[in-house]
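Next comes data_10.csv, with CSV, C-alpha atoms and all ligand atoms.
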chain,number,residue,atom,x,y,z
W,90,MET,CA,72.2,-25.3,-45.1
W,91,SER,CA,72.7,-22.3,-47.4
W,92,THR,CA,75.3,-22.4,-50.2
W,93,ALA,CA,77.3,-19.7,-48.4
W,94,GLN,CA,77.4,-21.8,-45.2
W,95,ALA,CA,78.4,-24.9,-47.1
W,96,THR,CA,81.2,-23.1,-48.9
W,97,GLY,CA,82.3,-21.5,-45.6
W,98,GLU,CA,82.7,-24.9,-43.9
W,99,ARG,CA,84.6,-26.3,-46.9
W,100,VAL,CA,86.8,-23.2,-47.1
W,101,THR,CA,87.7,-23.6,-43.4
W,102,ALA,CA,88.7,-27.2,-44.0
W,103,LEU,CA,90.7,-26.2,-47.0
W,104,VAL,CA,92.6,-23.5,-45.1
W,105,GLU,CA,93.3,-25.9,-42.3
W,106,ALA,CA,94.7,-28.4,-44.7
W,107,PHE,CA,96.8,-25.7,-46.3
W,108,LYS,CA,98.3,-24.7,-43.0
W,109,ARG,CA,99.0,-28.4,-42.2
W,110,GLN,CA,100.7,-28.9,-45.5
W,111,PHE,CA,102.7,-25.8,-45.9
W,112,GLY,CA,102.9,-24.3,-42.4
W,113,LYS,CA,101.4,-20.9,-43.3
W,114,GLU,CA,98.1,-19.2,-44.4
W,115,PRO,CA,97.1,-19.3,-48.0
W,116,GLU,CA,97.1,-15.9,-49.7
W,117,TYR,CA,94.5,-16.8,-52.3
W,118,ILE,CA,91.3,-18.7,-52.2
W,119,VAL,CA,89.2,-19.2,-55.3
W,120,ARG,CA,86.1,-21.3,-56.3
W,121,ALA,CA,84.6,-22.5,-59.6
W,122,PRO,CA,81.2,-24.4,-59.8
W,123,GLY,CA,80.1,-27.5,-61.7
W,124,ARG,CA,76.9,-27.2,-63.8
W,125,VAL,CA,73.7,-28.8,-64.7
W,126,ASN,CA,72.4,-28.4,-68.2
W,127,LEU,CA,68.7,-27.8,-68.2
W,128,ILE,CA,68.3,-28.2,-72.0
W,129,GLY,CA,70.5,-28.1,-75.1
W,130,GLU,CA,72.6,-31.3,-75.1
W,131,HIS,CA,75.3,-32.1,-77.7
W,132,THR,CA,74.6,-28.8,-79.4
W,133,ASP,CA,77.6,-26.8,-78.2
W,134,TYR,CA,80.1,-28.3,-80.6
W,135,ASN,CA,77.6,-27.8,-83.4
W,136,ASP,CA,77.7,-24.0,-82.9
W,137,GLY,CA,74.3,-24.3,-81.3
W,138,PHE,CA,72.4,-23.1,-78.2
W,139,VAL,CA,72.6,-24.5,-74.6
W,140,PHE,CA,70.9,-23.5,-71.4
W,141,PRO,CA,72.9,-24.6,-68.4
W,142,ALA,CA,73.1,-23.3,-64.8
W,143,ALA,CA,76.1,-23.4,-62.5
W,144,ILE,CA,75.4,-25.4,-59.3
W,145,ASP,CA,76.2,-25.0,-55.7
W,146,ARG,CA,78.9,-27.7,-55.9
W,147,GLU,CA,82.4,-26.5,-56.7
W,148,MET,CA,86.1,-26.8,-56.8
W,149,LEU,CA,88.0,-24.8,-54.2
W,150,ILE,CA,91.7,-23.9,-54.4
W,151,ALA,CA,93.8,-22.2,-51.7
W,152,ALA,CA,97.3,-21.1,-52.7
W,153,THR,CA,100.3,-19.0,-52.0
W,154,PRO,CA,103.0,-18.1,-54.6
W,155,LYS,CA,106.5,-19.3,-53.8
W,156,ALA,CA,108.6,-16.6,-52.2
W,157,ASP,CA,111.6,-17.5,-54.3
W,158,ARG,CA,110.8,-16.5,-57.8
W,159,LYS,CA,113.5,-18.7,-59.2
W,160,ASP,CA,111.8,-21.8,-57.7
W,161,LEU,CA,109.6,-23.0,-60.6
W,162,ASN,CA,108.1,-26.1,-59.0
W,163,VAL,CA,104.4,-26.0,-58.4
W,164,HIS,CA,103.4,-28.1,-55.3
W,165,VAL,CA,99.8,-29.1,-55.1
W,166,TYR,CA,98.0,-31.2,-52.5
W,167,SER,CA,94.6,-32.8,-53.1
W,168,LEU,CA,92.6,-33.0,-50.0
W,169,ASP,CA,90.1,-35.4,-51.6
W,170,ASN,CA,92.8,-37.8,-52.7
W,171,ASN,CA,95.2,-37.2,-49.8
W,172,ALA,CA,98.0,-37.0,-52.3
W,173,SER,CA,100.6,-34.5,-53.4
W,174,ASP,CA,102.2,-33.6,-56.7
W,175,ILE,CA,105.2,-31.5,-57.6
W,176,PHE,CA,105.9,-30.5,-61.2
W,177,SER,CA,108.0,-27.8,-62.9
W,178,LEU,CA,106.6,-25.0,-64.9
W,179,THR,CA,109.4,-25.4,-67.4
W,180,LYS,CA,108.1,-28.7,-68.7
W,181,ILE,CA,104.5,-29.6,-68.1
W,182,GLU,CA,103.3,-33.0,-69.0
W,183,LYS,CA,100.5,-35.3,-67.9
W,184,SER,CA,101.2,-37.2,-64.7
W,185,LYS,CA,100.9,-41.0,-64.7
W,186,ALA,CA,101.3,-41.2,-60.9
W,187,GLU,CA,98.9,-38.4,-59.9
W,188,PRO,CA,96.4,-38.1,-62.8
W,189,TRP,CA,94.1,-35.9,-60.6
W,190,SER,CA,96.7,-33.2,-61.0
W,191,ASP,CA,96.4,-33.1,-64.8
W,192,TYR,CA,93.8,-30.4,-64.9
W,193,MET,CA,96.0,-28.1,-62.9
W,194,ARG,CA,98.9,-29.0,-65.2
W,195,GLY,CA,96.8,-28.6,-68.3
W,196,MET,CA,95.5,-25.2,-67.4
W,197,LEU,CA,99.0,-23.9,-66.4
W,198,SER,CA,100.4,-25.3,-69.6
W,199,ILE,CA,97.8,-23.5,-71.8
W,200,TRP,CA,98.3,-20.3,-69.7
W,201,GLN,CA,102.0,-20.3,-70.6
W,202,ALA,CA,101.4,-21.3,-74.2
W,203,CYS,CA,99.4,-18.0,-74.5
W,204,ALA,CA,102.5,-16.2,-73.2
W,205,PHE,CA,100.8,-15.3,-69.9
W,206,LYS,CA,103.1,-15.4,-67.0
W,207,VAL,CA,102.8,-17.8,-64.1
W,208,ARG,CA,104.7,-18.0,-60.8
W,209,ALA,CA,105.1,-21.3,-59.0
W,210,PHE,CA,102.9,-21.7,-56.0
W,211,GLU,CA,101.8,-24.1,-53.2
W,212,ALA,CA,98.2,-25.1,-53.3
W,213,VAL,CA,95.5,-27.3,-51.8
W,214,ILE,CA,92.5,-28.3,-53.9
W,215,SER,CA,89.2,-29.8,-52.9
W,216,GLY,CA,86.0,-30.3,-54.8
W,217,ASP,CA,82.5,-31.6,-54.1
W,218,VAL,CA,81.3,-31.8,-57.7
W,219,PRO,CA,80.8,-35.6,-58.2
W,220,GLN,CA,83.3,-36.9,-60.7
W,221,GLY,CA,82.3,-38.8,-63.8
W,222,ALA,CA,78.7,-37.8,-63.2
W,223,GLY,CA,78.1,-35.3,-66.1
W,224,LEU,CA,78.2,-32.3,-63.8
W,225,SER,CA,81.5,-30.9,-65.1
W,226,SER,CA,83.9,-31.5,-62.3
W,227,SER,CA,86.8,-31.2,-64.7
W,228,ALA,CA,85.6,-27.8,-66.1
W,229,ALA,CA,85.2,-26.6,-62.5
W,230,TYR,CA,88.7,-27.6,-61.8
W,231,GLU,CA,90.2,-26.0,-64.9
W,232,VAL,CA,88.2,-22.8,-64.4
W,233,ALA,CA,89.3,-22.6,-60.7
W,234,VAL,CA,93.0,-22.9,-61.7
W,235,GLY,CA,92.4,-20.2,-64.3
W,236,THR,CA,90.7,-17.9,-61.8
W,237,LEU,CA,93.6,-18.4,-59.4
W,238,VAL,CA,96.4,-17.5,-61.8
W,239,ASN,CA,94.4,-14.7,-63.3
W,240,GLU,CA,94.2,-13.1,-59.9
W,241,MET,CA,97.7,-14.1,-58.7
W,242,MET,CA,99.4,-12.8,-61.9
W,243,ALA,CA,96.9,-9.9,-62.4
W,244,THR,CA,96.6,-11.2,-66.0
W,245,GLY,CA,93.2,-9.4,-66.3
W,246,ILE,CA,91.5,-11.7,-68.8
W,247,SER,CA,87.7,-11.8,-68.9
W,248,PRO,CA,85.7,-14.8,-67.6
W,249,LYS,CA,84.8,-15.5,-71.2
W,250,GLN,CA,88.4,-15.7,-72.3
W,251,LEU,CA,89.2,-17.8,-69.3
W,252,ALA,CA,86.5,-20.2,-70.3
W,253,THR,CA,88.0,-20.5,-73.8
W,254,LEU,CA,91.4,-21.2,-72.3
W,255,ALA,CA,89.9,-23.9,-70.0
W,256,GLN,CA,88.3,-25.5,-73.0
W,257,LYS,CA,91.7,-25.5,-74.8
W,258,ALA,CA,93.3,-27.2,-71.8
W,259,GLU,CA,90.6,-29.9,-72.0
W,260,ASN,CA,91.0,-30.3,-75.8
W,261,ARG,CA,94.7,-30.1,-76.2
W,262,PHE,CA,96.2,-31.2,-72.9
W,263,ILE,CA,93.6,-33.7,-71.5
W,264,GLY,CA,92.6,-34.8,-75.0
W,265,VAL,CA,88.8,-34.6,-74.7
W,266,GLN,CA,87.2,-32.8,-77.6
W,267,CYS,CA,84.4,-31.1,-75.6
W,268,GLY,CA,82.6,-28.0,-76.6
W,269,ILE,CA,82.5,-24.7,-74.7
W,270,MET,CA,79.4,-25.2,-72.5
W,271,ASP,CA,80.9,-26.5,-69.3
W,272,GLN,CA,83.8,-24.1,-68.9
W,273,PHE,CA,81.6,-21.2,-70.0
W,274,ILE,CA,78.9,-21.7,-67.4
W,275,SER,CA,81.5,-22.4,-64.7
W,276,ALA,CA,83.2,-19.1,-65.4
W,277,MET,CA,80.0,-17.1,-66.2
W,278,GLY,CA,77.1,-18.6,-64.2
W,279,ARG,CA,74.7,-16.3,-62.4
W,280,GLU,CA,72.9,-16.9,-59.1
W,281,ASP,CA,69.3,-18.2,-59.6
W,282,ALA,CA,69.6,-18.0,-63.3
W,283,ALA,CA,70.5,-20.2,-66.3
W,284,LEU,CA,72.5,-18.9,-69.2
W,285,LEU,CA,71.3,-19.1,-72.8
W,286,ILE,CA,74.6,-19.4,-74.6
W,287,ASP,CA,75.0,-19.0,-78.3
W,288,CYS,CA,78.0,-21.3,-78.7
W,289,ARG,CA,78.9,-19.8,-82.1
W,290,THR,CA,79.3,-16.2,-81.0
W,291,LEU,CA,79.7,-16.9,-77.3
W,292,ALA,CA,77.0,-14.3,-76.6
W,293,SER,CA,75.0,-15.2,-73.6
W,294,ARG,CA,71.9,-14.0,-71.7
W,295,ALA,CA,71.1,-14.8,-68.0
W,296,VAL,CA,67.5,-16.0,-67.7
W,297,PRO,CA,66.2,-15.7,-64.1
W,298,LEU,CA,64.9,-19.0,-62.8
W,299,ARG,CA,63.2,-17.5,-59.7
W,300,LEU,CA,63.1,-21.0,-58.1
W,301,LYS,CA,62.0,-19.8,-54.7
W,302,GLU,CA,59.4,-17.5,-56.0
W,303,ARG,CA,58.0,-20.1,-58.3
W,304,GLY,CA,58.3,-22.8,-55.5
W,305,LEU,CA,60.4,-25.0,-57.8
W,306,ALA,CA,63.3,-27.3,-57.2
W,307,ILE,CA,66.0,-28.6,-59.6
W,308,VAL,CA,66.5,-32.2,-58.6
W,309,ILE,CA,69.7,-33.9,-59.8
W,310,THR,CA,69.8,-37.7,-59.6
W,311,HIS,CA,72.9,-39.8,-60.2
W,312,SER,CA,71.8,-42.9,-61.9
W,313,GLY,CA,74.4,-45.0,-60.1
W,314,VAL,CA,75.9,-45.7,-63.5
W,315,GLN,CA,79.4,-44.4,-63.9
W,316,ARG,CA,79.8,-42.8,-67.3
W,317,GLY,CA,81.5,-45.3,-69.6
W,318,LEU,CA,83.1,-45.0,-73.1
W,319,VAL,CA,82.2,-41.4,-73.2
W,320,ASP,CA,85.3,-40.2,-75.0
W,321,SER,CA,85.1,-42.5,-78.0
W,322,ALA,CA,81.4,-42.3,-78.3
W,323,TYR,CA,81.5,-38.5,-77.9
W,324,ASN,CA,84.1,-38.2,-80.7
W,325,ASP,CA,82.0,-40.6,-82.9
W,326,ARG,CA,79.0,-38.3,-82.5
W,327,ARG,CA,81.1,-35.3,-83.4
W,328,ARG,CA,82.3,-37.0,-86.5
W,329,GLU,CA,78.7,-37.9,-87.5
W,330,CYS,CA,77.6,-34.3,-87.1
W,331,GLU,CA,80.5,-33.1,-89.3
W,332,GLU,CA,79.6,-35.7,-91.9
W,333,ALA,CA,76.0,-34.4,-92.0
W,334,VAL,CA,77.3,-30.8,-92.5
W,335,GLY,CA,79.6,-31.9,-95.3
W,336,ILE,CA,76.8,-33.6,-97.2
W,337,LEU,CA,74.2,-30.9,-96.5
W,338,ALA,CA,76.5,-28.1,-97.5
W,339,LYS,CA,76.7,-29.7,-101.0
W,340,LYS,CA,73.1,-30.6,-101.2
W,341,LEU,CA,71.9,-27.1,-100.2
W,342,LYS,CA,74.6,-25.5,-102.3
W,343,ARG,CA,75.9,-23.5,-99.3
W,344,PRO,CA,79.7,-24.2,-99.2
W,345,GLU,CA,80.0,-21.6,-96.4
W,346,MET,CA,77.9,-23.8,-94.1
W,347,LYS,CA,80.0,-24.6,-91.0
W,348,ALA,CA,77.8,-26.5,-88.6
W,349,LEU,CA,74.4,-28.0,-88.0
W,350,ARG,CA,73.4,-24.7,-86.5
W,351,ASP,CA,73.0,-23.5,-90.1
W,352,VAL,CA,70.4,-26.1,-91.0
W,353,THR,CA,66.6,-25.9,-90.5
W,354,LEU,CA,64.5,-29.0,-89.8
W,355,ALA,CA,62.7,-28.5,-93.1
W,356,GLU,CA,66.0,-28.5,-95.0
W,357,LEU,CA,67.2,-31.5,-93.2
W,358,LYS,CA,64.0,-33.5,-93.8
W,359,LYS,CA,64.1,-32.6,-97.5
W,360,ASN,CA,67.5,-34.1,-97.8
W,361,GLU,CA,67.0,-37.1,-95.6
W,362,LYS,CA,67.8,-39.5,-98.5
W,363,ALA,CA,71.3,-38.0,-99.0
W,364,LEU,CA,72.3,-39.1,-95.5
W,365,SER,CA,72.7,-42.5,-93.9
W,366,GLU,CA,70.0,-43.3,-91.4
W,367,VAL,CA,72.3,-42.9,-88.5
W,368,VAL,CA,73.7,-39.5,-89.6
W,369,PHE,CA,70.2,-38.3,-90.4
W,370,LYS,CA,69.1,-39.1,-86.8
W,371,ARG,CA,72.1,-37.4,-85.3
W,372,ALA,CA,71.4,-34.3,-87.3
W,373,ARG,CA,67.7,-34.4,-86.4
W,374,HIS,CA,68.6,-34.4,-82.8
W,375,VAL,CA,70.9,-31.4,-83.0
W,376,VAL,CA,68.6,-29.3,-85.2
W,377,SER,CA,65.5,-30.0,-83.2
W,378,GLU,CA,67.4,-29.6,-79.9
W,379,ASN,CA,68.5,-26.1,-80.9
W,380,GLU,CA,64.8,-25.3,-81.6
W,381,ARG,CA,63.9,-26.7,-78.2
W,382,VAL,CA,66.4,-24.6,-76.3
W,383,LEU,CA,65.0,-21.4,-77.9
W,384,GLU,CA,61.4,-22.5,-77.2
W,385,ALA,CA,62.3,-23.4,-73.6
W,386,VAL,CA,63.8,-20.0,-72.9
W,387,GLU,CA,60.8,-18.4,-74.5
W,388,ALA,CA,58.5,-20.5,-72.3
W,389,LEU,CA,60.3,-19.5,-69.2
W,390,GLY,CA,60.0,-15.9,-70.3
W,391,ARG,CA,56.2,-16.1,-70.4
W,392,ASP,CA,56.2,-18.1,-67.1
W,393,ASP,CA,55.0,-21.3,-68.8
W,394,VAL,CA,56.9,-23.8,-66.7
W,395,ALA,CA,54.8,-26.7,-67.9
W,396,ALA,CA,55.9,-26.0,-71.5
W,397,PHE,CA,59.5,-25.9,-70.4
W,398,GLY,CA,59.0,-29.3,-68.7
W,399,LYS,CA,57.5,-30.8,-71.9
W,400,LEU,CA,60.6,-29.7,-73.8
W,401,MET,CA,62.8,-31.4,-71.3
W,402,TYR,CA,61.0,-34.7,-71.9
W,403,ALA,CA,61.2,-34.1,-75.7
W,404,SER,CA,65.0,-33.5,-75.3
W,405,HIS,CA,65.4,-36.7,-73.5
W,406,ASP,CA,63.5,-38.7,-76.1
W,407,SER,CA,65.6,-37.2,-78.8
W,408,LEU,CA,68.9,-38.0,-77.0
W,409,ARG,CA,67.6,-41.6,-76.4
W,410,ASP,CA,66.3,-42.3,-79.9
W,411,ASP,CA,68.1,-40.1,-82.3
W,412,PHE,CA,71.4,-39.2,-80.7
W,413,GLU,CA,71.6,-42.5,-78.8
W,414,VAL,CA,73.6,-41.3,-75.9
W,415,SER,CA,71.3,-42.3,-73.0
W,416,CYS,CA,71.4,-45.7,-71.3
W,417,PRO,CA,68.6,-48.0,-70.0
W,418,GLU,CA,69.0,-46.7,-66.4
W,419,LEU,CA,68.6,-43.0,-67.4
W,420,ASP,CA,65.7,-44.0,-69.6
W,421,ALA,CA,64.1,-45.9,-66.7
W,422,PHE,CA,64.7,-42.9,-64.4
W,423,VAL,CA,63.1,-40.4,-66.7
W,424,ARG,CA,60.1,-42.7,-67.3
W,425,LEU,CA,59.6,-43.2,-63.6
W,426,ALA,CA,60.0,-39.5,-62.9
W,427,ARG,CA,57.5,-38.7,-65.6
W,428,GLY,CA,55.0,-41.1,-64.0
W,429,PHE,CA,55.2,-39.2,-60.8
W,430,LYS,CA,52.5,-36.6,-61.3
W,431,ALA,CA,54.2,-33.6,-59.8
W,432,THR,CA,57.2,-33.8,-62.0
W,433,ILE,CA,57.3,-30.9,-64.5
W,434,GLY,CA,60.1,-32.2,-66.7
W,435,ALA,CA,63.1,-34.6,-66.6
W,436,ARG,CA,65.9,-35.6,-68.9
W,437,MET,CA,69.4,-36.9,-68.8
W,438,THR,CA,72.0,-34.2,-68.5
W,439,GLY,CA,75.6,-33.9,-69.7
W,440,ALA,CA,77.3,-36.1,-72.3
W,441,GLY,CA,75.2,-39.2,-71.4
W,442,PHE,CA,76.1,-42.9,-71.2
W,443,GLY,CA,75.3,-42.9,-67.5
W,444,GLY,CA,75.8,-40.1,-64.9
W,445,CYS,CA,73.0,-37.8,-64.0
W,446,ALA,CA,69.4,-36.8,-64.8
W,447,VAL,CA,67.8,-33.5,-64.0
W,448,ALA,CA,64.2,-33.1,-63.0
W,449,LEU,CA,62.1,-30.0,-62.4
W,450,MET,CA,59.3,-30.1,-59.8
W,451,PRO,CA,57.6,-28.2,-57.1
W,452,GLU,CA,59.8,-28.0,-54.1
W,453,ALA,CA,56.9,-29.3,-52.0
W,454,ALA,CA,56.9,-32.6,-54.0
W,455,VAL,CA,60.6,-33.4,-53.5
W,456,ALA,CA,60.2,-35.5,-50.4
W,457,GLU,CA,57.4,-37.6,-51.9
W,458,PHE,CA,59.4,-37.9,-55.1
W,459,LYS,CA,62.3,-39.4,-53.2
W,460,LYS,CA,60.0,-41.8,-51.4
W,461,GLN,CA,58.2,-43.0,-54.5
W,462,VAL,CA,60.5,-42.7,-57.5
W,463,LEU,CA,63.9,-43.6,-56.0
W,464,PRO,CA,62.9,-47.0,-54.6
W,465,ALA,CA,61.0,-47.8,-57.8
W,466,TYR,CA,64.1,-46.9,-59.8
W,467,GLU,CA,66.4,-49.1,-57.6
W,468,LYS,CA,64.0,-52.0,-57.8
W,469,GLU,CA,63.8,-51.8,-61.6
W,470,THR,CA,67.5,-51.2,-62.3
W,471,GLY,CA,69.3,-52.6,-59.3
W,472,LYS,CA,71.3,-49.4,-59.2
W,473,THR,CA,71.4,-47.1,-56.2
W,474,PRO,CA,70.5,-43.5,-57.1
W,475,THR,CA,71.8,-40.4,-55.3
W,476,THR,CA,69.6,-37.3,-55.3
W,477,TRP,CA,70.2,-33.7,-54.3
W,478,VAL,CA,68.4,-30.5,-54.8
W,479,CYS,CA,70.6,-27.8,-56.2
W,480,LYS,CA,70.6,-24.1,-56.5
W,481,ALA,CA,71.7,-22.1,-59.5
W,482,ALA,CA,75.0,-20.6,-58.3
W,483,GLY,CA,77.2,-17.7,-59.4
W,484,GLY,CA,80.2,-18.4,-61.7
W,485,ALA,CA,83.8,-18.7,-60.6
W,486,SER,CA,85.0,-16.1,-58.1
W,487,VAL,CA,87.9,-15.1,-55.9
W,488,ILE,CA,87.0,-15.6,-52.3
W,489,ASP,CA,90.2,-14.2,-50.8
W,490,SER,CA,93.3,-12.5,-52.2
W,491,PRO,CA,95.7,-9.7,-51.3
W,492,MET,CA,93.7,-7.4,-53.7
W,493,LYS,CA,90.4,-8.4,-51.9
W,494,ARG,CA,91.9,-7.8,-48.5
W,495,ALA,CA,93.0,-4.4,-49.7
W,496,GLY,CA,89.5,-3.7,-50.7
W,497,LEU,CA,90.3,-3.6,-54.4
U,501,LIG,C1,80.0,-32.7,-72.3
U,501,LIG,C2,80.9,-31.7,-73.0
U,501,LIG,C3,80.1,-30.5,-73.4
U,501,LIG,C4,78.8,-30.9,-74.1
U,501,LIG,C5,78.1,-32.0,-73.4
U,501,LIG,C6,76.9,-32.5,-74.1
U,501,LIG,O1,79.6,-32.2,-71.0
U,501,LIG,O2,82.0,-31.3,-72.1
U,501,LIG,O3,80.9,-29.6,-74.1
U,501,LIG,O4,79.1,-31.2,-75.4
U,501,LIG,O5,78.9,-33.1,-73.0
U,501,LIG,O6,75.9,-31.5,-74.3
When written as C-alpha cells, how does the structure in this file appear?
Ligand code: GLA
Amino acid sequence: MSTAQATGERVTALVEAFKRQFGKEPEYIVRAPGRVNLIGEHTDYNDGFVFPAAIDREMLIAATPKADRKDLNVHVYSLDNNASDIFSLTKIEKSKAEPWSDYMRGMLSIWQACAFKVRAFEAVISGDVPQGAGLSSSAAYEVAVGTLVNEMMATGISPKQLATLAQKAENRFIGVQCGIMDQFISAMGREDAALLIDCRTLASRAVPLRLKERGLAIVITHSGVQRGLVDSAYNDRRRECEEAVGILAKKLKRPEMKALRDVTLAELKKNEKALSEVVFKRARHVVSENERVLEAVEALGRDDVAAFGKLMYASHDSLRDDFEVSCPELDAFVRLARGFKATIGARMTGAGFGGCAVALMPEAAVAEFKKQVLPAYEKETGKTPTTWVCKAAGGASVIDSPMKRAGL
C-alpha cells in the first residue's frame, strides 16, 4: 500500500468520525509525521548535528472553527482513545482526566503566549505513530496542532518557527526538556530524503536517500520494551553534558564556549583528567557522534552506503558504552541484525532505554531478515518485536482547508 493510499484511508475514517461527533463536515484536515533518526543521537541539545527522516506514520487532525466567536471552548475527540475533552482557551492547564489532550492544550497555550490568535474549534485527532517508541509521536501531535492553527488563523509562521514553538510546548507545558530534532523534522521533512540539521543555527539540508533507486529499505523494529525512566535519565544526560562544557570552557580558556559542539575530540582527550570518568564518556559520545553525522552525510553523498552503515554501528556502540542510553534488548537486536549478512547498518534510534532500532538493508533482504533475526531476537530476549519498513515522508502539511479548496 502506498503512503498516499494509507493516508487516504485514515483520512476517510477521520472525516467519518468527525461527522459522527459533530454532525457536519470538517473544514480543515492536517497531518504531521513521526520520525526516525538515522544518525546523530543526543546531539541536538548539545548544539550539534542530527540526520533524521520523517516517516510515513503521522498524526491527523480534522477540525472546524466554532461558528460563535464568543464560544472559547475547544472540543477535541480522540479516535484512538475513543474519548473527548473540552477546555477553555482562557485558561489552559494540563488535564488529569484526559492526558492525551495535553499536546493539543500545550500547543494552543504556547500559541497564545506568543500573542498569536486562536479561535475555538471542534476537532478529531488520530495518529498511527506508535507511542513511547522513540518515533516522536508527541512531536507529530504538537506540529499537527500548530499546522492546524497556522492555517485556520492565517498566522503565516514558517515551518521552522512552528517547530520552535512545538519544542517550547514540549519544554514548558509538557515539561520534557527535549531538543529541537523531533519537531523540526516533523515540520520540515522531505520525501525520500533525510535532513542534516545544524541544531545550533537551525540551518538544514535535505540529503536524498534514493531508497528505491538504491534498492534499500529502512527497517524499524520495536524492541518490545516500552521506554522507561526516559525523562529523568534524559535530564541527567543533559546535566552531565553541561558539566563537561563548564569544565572544558575553563580548561581550554574559552569562556564563550556554549556547548559540546564547540569541542574537538583532540581537545576533549587532552583534558580527560579534568573530567570525571562518566562525564568524559558522555562528552566523548557527543563529540564523536557529531563527527559521525558529518561523515555519514558525506558517505551518502559519494554513494558509499557501506560506510554509512558502519557509522550507524559505531553510533550504537557509543550510545551503549559511553552515553549509556541503550538497553540489553536493543543491544541484542543490533548484534543479531549485524550478524545477518545483508544488514548494512543498525542502531537504536531516539532517546533510548527501550523503544525502536533502525536498520538499513537491501529491500530484497527484508523478508529473510524477518524470518531469521526476529525469531532469534524473541528467543534471546523473550520480547516480541514489531517490524515495519518505512518511507521517508514529507513534513507536516495541510490536506484540506477553505484556502486549499479555493485553490490558494
Ligand atoms: C528525544 C528528544 C530529541 C533528541 C533525542 C535523542 O527524541 O526529543 O530532542 O534529544 O531524544 O537524540
**Study point:** Atom pair atom CA of Gln256 of chain W / atom CA of His405 of chain W: separation (Å)
**Key:**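 Rounded to one decimal, the two atoms are 25.5 Å apart.
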Counting only C-alpha atoms and all ligand atoms, which residues of chain W sit at most 7 Å from some atom of ligand LIG 501 (chain U), and what is each one's closest atom pair with its distance in Å to one decimal, listed by chain and rising residue number, as CSV?
residue,atom,partner,partner_atom,distance
W:Gly129,CA,U:LIG501,O6,6.4
W:Glu130,CA,U:LIG501,O6,3.4
W:His131,CA,U:LIG501,O6,3.5
W:Thr132,CA,U:LIG501,O6,5.9
W:Asp133,CA,U:LIG501,O4,5.4
W:Tyr134,CA,U:LIG501,O4,6.0
W:Gly223,CA,U:LIG501,O1,6.0
W:Ser225,CA,U:LIG501,O1,6.3
W:Cys267,CA,U:LIG501,O3,4.1
W:Gly268,CA,U:LIG501,O3,3.4
W:Ile269,CA,U:LIG501,O3,5.2
W:Met270,CA,U:LIG501,O3,4.9
W:Asp271,CA,U:LIG501,O2,5.7
W:Gly439,CA,U:LIG501,O1,4.5
W:Ala440,CA,U:LIG501,O5,3.5
**Study point:** Length of the atom CA of Gly496 of chain W to atom CA of Ala282 of chain W vector [Å]
**Key:**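 Between atom CA of Gly496 of chain W and atom CA of Ala282 of chain W the gap works out to 27.6 Å.
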Practice item. In the coordinate frame of the file, compute which residues have an atom within 10 Å of (61.7, -42.2, -57.1) when using only C-alpha atoms, and state them as a list in words. Key: Thr310, Phe422, Val423, Leu425, Ala426, Gly428, Phe429, Val455, Ala456, Glu457, Phe458, Lys459, Lys460, Gln461, Val462, Leu463, Pro464, Ala465, Tyr466, Glu467, Pro474 and Thr476 of chain W
Can I get the residues of segment 374-448 of chain W within 12 Å of segment 301-305 of chain W, each with the closest pair of atoms and their distance in Å to one decimal, using all atoms listed in the file, sorted chain first then ascending number, as JSON lines?
{"residue": "W:Leu389", "atom": "CA", "partner": "W:Arg303", "partner_atom": "CA", "distance": 11.2}
{"residue": "W:Asp392", "atom": "CA", "partner": "W:Arg303", "partner_atom": "CA", "distance": 9.2}
{"residue": "W:Asp393", "atom": "CA", "partner": "W:Arg303", "partner_atom": "CA", "distance": 11.0}
{"residue": "W:Val394", "atom": "CA", "partner": "W:Arg303", "partner_atom": "CA", "distance": 9.2}
{"residue": "W:Ala395", "atom": "CA", "partner": "W:Leu305", "partner_atom": "CA", "distance": 11.7}
{"residue": "W:Gly398", "atom": "CA", "partner": "W:Leu305", "partner_atom": "CA", "distance": 11.8}
{"residue": "W:Ala431", "atom": "CA", "partner": "W:Leu305", "partner_atom": "CA", "distance": 10.8}
{"residue": "W:Thr432", "atom": "CA", "partner": "W:Leu305", "partner_atom": "CA", "distance": 10.3}
{"residue": "W:Ile433", "atom": "CA", "partner": "W:Leu305", "partner_atom": "CA", "distance": 9.5}
{"residue": "W:Gly434", "atom": "CA", "partner": "W:Leu305", "partner_atom": "CA", "distance": 11.5}
{"residue": "W:Ala448", "atom": "CA", "partner": "W:Leu305", "partner_atom": "CA", "distance": 10.3}
Check your understanding: If I put a ball of radius 7 Å at (90.6, -32.6, -61.9) in the file's coordinates, which residues poke into it when counting all atoms listed in the file, written as a list in words?
Key ->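 Residues satisfying the cut-off, written out: Trp189, Ser190, Asp191, Tyr192, Ser226, Ser227 and Tyr230 of chain W.
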**Study point:** Pick from W:Lys155, W:Arg327, W:Lys180, W:Arg371 nearest to Glu116 of chain W, counting only C-alpha atoms
**Key:**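 That would be W:Lys155, the residue with the smallest distance to Glu116 of chain W.
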**Study point:** Who sits within 7 Å of Asn135 of chain W, all atoms listed in the file, same chain under 6 positions skipped, as a list in words
**Key:** Ala348, Leu349 and Arg350 of chain W
Exercise for review: Determine, counting all atoms listed in the file, which protein, DNA and RNA residues have an atom within 12 Å of an atom of Ile246 of chain W; residues of the same chain fewer than 3 positions away are not included. Present the result as a PyMOL selection string.
Suggested key: chain W and resi 200+203+205+235-240+242-243+249-254+276
Keeping only C-alpha atoms, take the residues you just selected and write them out as a CSV table (one decimal), keeping the file's coordinate frame.
chain,number,residue,atom,x,y,z
W,200,TRP,CA,98.3,-20.3,-69.7
W,203,CYS,CA,99.4,-18.0,-74.5
W,205,PHE,CA,100.8,-15.3,-69.9
W,235,GLY,CA,92.4,-20.2,-64.3
W,236,THR,CA,90.7,-17.9,-61.8
W,237,LEU,CA,93.6,-18.4,-59.4
W,238,VAL,CA,96.4,-17.5,-61.8
W,239,ASN,CA,94.4,-14.7,-63.3
W,240,GLU,CA,94.2,-13.1,-59.9
W,242,MET,CA,99.4,-12.8,-61.9
W,243,ALA,CA,96.9,-9.9,-62.4
W,249,LYS,CA,84.8,-15.5,-71.2
W,250,GLN,CA,88.4,-15.7,-72.3
W,251,LEU,CA,89.2,-17.8,-69.3
W,252,ALA,CA,86.5,-20.2,-70.3
W,253,THR,CA,88.0,-20.5,-73.8
W,254,LEU,CA,91.4,-21.2,-72.3
W,276,ALA,CA,83.2,-19.1,-65.4
